[in-house]
Amino acid sequence: MKVPGVSAFNVVVILLSILVLSLAYLLYQLENSDSGTLPFSRMTEDINNLQEMYKTLNKSCFILGASGETGKVLLKEVVKSQLFSKVTLIGRRKLTFEDATLENVVQEVVDFEKLDEYASAFQGHDVGFCCLGTTRAKAGAEGFIRVDYDYVLKSAQLAKAGGCTHFILQSSKGADKDSSLLYPKIKGQVEAAIEELNFDRYSIFRPGVLMCDRQESRPSEWMARKLLVPFAYVFPTAITTPVSVVAKAMVNNVLLSSDNKMELLHNKAIHELSKLEETKAK
């Protein structure tokens, strides 16, 4: 039914305006509903003092998934921080680096299908960073479960047996072990399974849509990220997280003592933690 005096163009403009306003309201709600309170007790201490204190502890760490988008940035952040006396990469192949600062990184090549045979690679580390993962589109449903659940959980088990006391897991926003959808269900299930291993400290990071420039071609993801750029500018913590933010937050995470044995950091808290040095510098 036509409305007198209102053209089809005006109707389209009105509908688009309603859609944009609705989306803006939704993002505003997401921006302000996600907890931004960090679960740490030493937030008032100077970050530089914490860094210097941590360096004296002679800690070592390993990184799983260093060839991935977050893992690559995390590796650089870890090395730049100089918090660890030894940094080990555990992966299915040896990585090559042009950056000279990465030449002292130790690399352990393992077969994830036979991880029990490579238990020694997981021994002697204080902190474990896990950015291991794939997608259903890339690996299929079975392959996705194999990597994101089986490989991750087995690695955590070996790390615990090898003396790791602090395990840091990159999960995903919306992870839910009871979900009817495969991706959030597996993410939630592996979170819960690792919690049962009873690490001295267990940190779960649930970032939003990861913003990065992937080397491999994924046209749909590339388009989605481009569409999200303007929304991320206005609502930076609502649904997106640059991989650099996740990496920086993970490194800052090891410096702070937590009030809880298990800490769950959602998107807004991750953004806040990544800016810890900037906050303390003001």
# chains A, B, ... in the order shown; residues from 1 in each chain; ligands from 1

$ select_by_dssp --residues "region 89-163 of chain A" --states "strand (DSSP E or B)" --output "MDAnalysis selection string"
chainID A and resid 89:91 106:109 127:130

$ select_by_dssp --residues "region 30-268 of chain A" --states "alpha helix (DSSP H)" --output "ChimeraX atom specification"
/A:30-33,47-55,69-81,136-145,152-161,182-195,219-234,243-253,267-268

$ write_last_selection --atoms "C-alpha atoms" --output "mmCIF file, in the first residue's frame"
data_model
loop_
_atom_site.group_PDB
_atom_site.id
_atom_site.type_symbol
_atom_site.label_atom_id
_atom_site.label_comp_id
_atom_site.auth_asym_id
_atom_site.auth_seq_id
_atom_site.Cartn_x
_atom_site.Cartn_y
_atom_site.Cartn_z
ATOM 1 C CA LEU A 30 27.262 -4.751 23.431
ATOM 2 C CA GLU A 31 29.837 -2.055 24.094
ATOM 3 C CA ASN A 32 28.433 -1.437 27.546
ATOM 4 C CA SER A 33 27.242 -4.892 28.597
ATOM 5 C CA ILE A 47 53.645 -1.627 35.227
ATOM 6 C CA ASN A 48 57.365 -0.981 34.817
ATOM 7 C CA ASN A 49 58.056 -2.267 38.329
ATOM 8 C CA LEU A 50 56.007 -5.373 37.623
ATOM 9 C CA GLN A 51 57.963 -6.021 34.440
ATOM 10 C CA GLU A 52 61.321 -5.687 36.173
ATOM 11 C CA MET A 53 60.200 -7.910 39.053
ATOM 12 C CA TYR A 54 58.935 -10.572 36.672
ATOM 13 C CA LYS A 55 62.205 -10.652 34.743
ATOM 14 C CA GLU A 69 47.531 -14.557 12.985
ATOM 15 C CA THR A 70 47.380 -13.983 16.740
ATOM 16 C CA GLY A 71 50.315 -16.282 17.447
ATOM 17 C CA LYS A 72 52.653 -14.386 15.128
ATOM 18 C CA VAL A 73 51.937 -11.097 16.845
ATOM 19 C CA LEU A 74 52.065 -12.714 20.284
ATOM 20 C CA LEU A 75 55.535 -14.115 19.577
ATOM 21 C CA LYS A 76 56.839 -10.649 18.752
ATOM 22 C CA GLU A 77 55.225 -9.174 21.878
ATOM 23 C CA VAL A 78 56.673 -11.903 24.086
ATOM 24 C CA VAL A 79 60.186 -11.462 22.696
ATOM 25 C CA LYS A 80 59.971 -7.662 22.841
ATOM 26 C CA SER A 81 58.854 -7.757 26.470
ATOM 27 C CA ARG A 136 35.335 -25.596 9.992
ATOM 28 C CA ALA A 137 35.523 -24.027 6.533
ATOM 29 C CA LYS A 138 39.213 -24.853 6.289
ATOM 30 C CA ALA A 139 39.402 -28.247 8.003
ATOM 31 C CA GLY A 140 35.834 -29.570 7.955
ATOM 32 C CA ALA A 141 33.838 -30.432 11.069
ATOM 33 C CA GLU A 142 36.009 -33.381 12.100
ATOM 34 C CA GLY A 143 39.230 -31.500 11.421
ATOM 35 C CA PHE A 144 38.024 -28.519 13.413
ATOM 36 C CA ILE A 145 37.199 -30.701 16.429
ATOM 37 C CA VAL A 152 44.507 -28.164 22.439
ATOM 38 C CA LEU A 153 43.411 -30.376 25.331
ATOM 39 C CA LYS A 154 46.230 -32.887 24.854
ATOM 40 C CA SER A 155 48.757 -30.055 24.734
ATOM 41 C CA ALA A 156 47.357 -28.640 27.964
ATOM 42 C CA GLN A 157 47.565 -32.063 29.617
ATOM 43 C CA LEU A 158 51.207 -32.473 28.616
ATOM 44 C CA ALA A 159 51.987 -28.915 29.703
ATOM 45 C CA LYS A 160 50.475 -29.553 33.137
ATOM 46 C CA ALA A 161 52.429 -32.795 33.479
ATOM 47 C CA LEU A 182 29.554 -26.532 16.573
ATOM 48 C CA TYR A 183 32.037 -23.646 16.834
ATOM 49 C CA PRO A 184 30.973 -22.135 20.186
ATOM 50 C CA LYS A 185 30.236 -25.606 21.566
ATOM 51 C CA ILE A 186 33.746 -26.949 20.931
ATOM 52 C CA LYS A 187 35.328 -23.743 22.216
ATOM 53 C CA GLY A 188 33.275 -23.981 25.393
ATOM 54 C CA GLN A 189 33.955 -27.683 25.852
ATOM 55 C CA VAL A 190 37.712 -27.331 25.591
ATOM 56 C CA GLU A 191 37.631 -24.404 28.029
ATOM 57 C CA ALA A 192 35.828 -26.591 30.563
ATOM 58 C CA ALA A 193 38.054 -29.629 29.972
ATOM 59 C CA ILE A 194 41.228 -27.615 30.565
ATOM 60 C CA GLU A 195 39.781 -26.104 33.739
ATOM 61 C CA PRO A 219 37.181 -13.583 0.692
ATOM 62 C CA SER A 220 34.147 -13.799 3.000
ATOM 63 C CA GLU A 221 36.227 -13.007 6.094
ATOM 64 C CA TRP A 222 38.011 -10.181 4.282
ATOM 65 C CA MET A 223 34.695 -8.622 3.295
ATOM 66 C CA ALA A 224 33.269 -9.023 6.800
ATOM 67 C CA ARG A 225 36.275 -7.304 8.378
ATOM 68 C CA LYS A 226 36.068 -4.427 5.914
ATOM 69 C CA LEU A 227 32.389 -3.932 6.717
ATOM 70 C CA LEU A 228 33.148 -3.978 10.441
ATOM 71 C CA VAL A 229 35.893 -1.324 10.263
ATOM 72 C CA PRO A 230 33.604 1.741 10.647
ATOM 73 C CA PHE A 231 31.651 0.063 13.452
ATOM 74 C CA ALA A 232 34.894 -0.901 15.190
ATOM 75 C CA TYR A 233 35.990 2.736 15.030
ATOM 76 C CA VAL A 234 32.837 3.959 16.808
ATOM 77 C CA VAL A 243 45.061 -9.408 17.070
ATOM 78 C CA SER A 244 47.628 -6.925 18.388
ATOM 79 C CA VAL A 245 45.268 -6.139 21.270
ATOM 80 C CA VAL A 246 44.867 -9.834 22.148
ATOM 81 C CA ALA A 247 48.640 -10.386 22.038
ATOM 82 C CA LYS A 248 49.441 -7.374 24.192
ATOM 83 C CA ALA A 249 46.760 -8.307 26.721
ATOM 84 C CA MET A 250 48.110 -11.861 26.979
ATOM 85 C CA VAL A 251 51.602 -10.588 27.765
ATOM 86 C CA ASN A 252 50.328 -8.075 30.329
ATOM 87 C CA ASN A 253 48.215 -10.839 31.858
ATOM 88 C CA ASN A 267 36.311 -8.559 24.795
ATOM 89 C CA LYS A 268 36.135 -5.305 26.746
#

$ atom_distance --atom1 "CA of Gly68 (chain A)" --atom2 "CA of Glu108 (chain A)"
16.1 Å

$ closest_residue --among "A:Asp176, A:Glu117, A:Gln82, A:Val209" --to "Leu102 (chain A)" --atoms "only C-alpha atoms"
A:Gln82

$ atom_distance --atom1 "CA of Gly91 (chain A)" --atom2 "CA of Leu265 (chain A)"
25.5 Å

$ atom_distance --atom1 "CA of Val254 (chain A)" --atom2 "CA of Leu83 (chain A)"
9.2 Å

$ closest_residue --among "A:His266, A:His125, A:Lys114, A:Arg92" --to "Lys173 (chain A)" --atoms "only C-alpha atoms"
A:His266
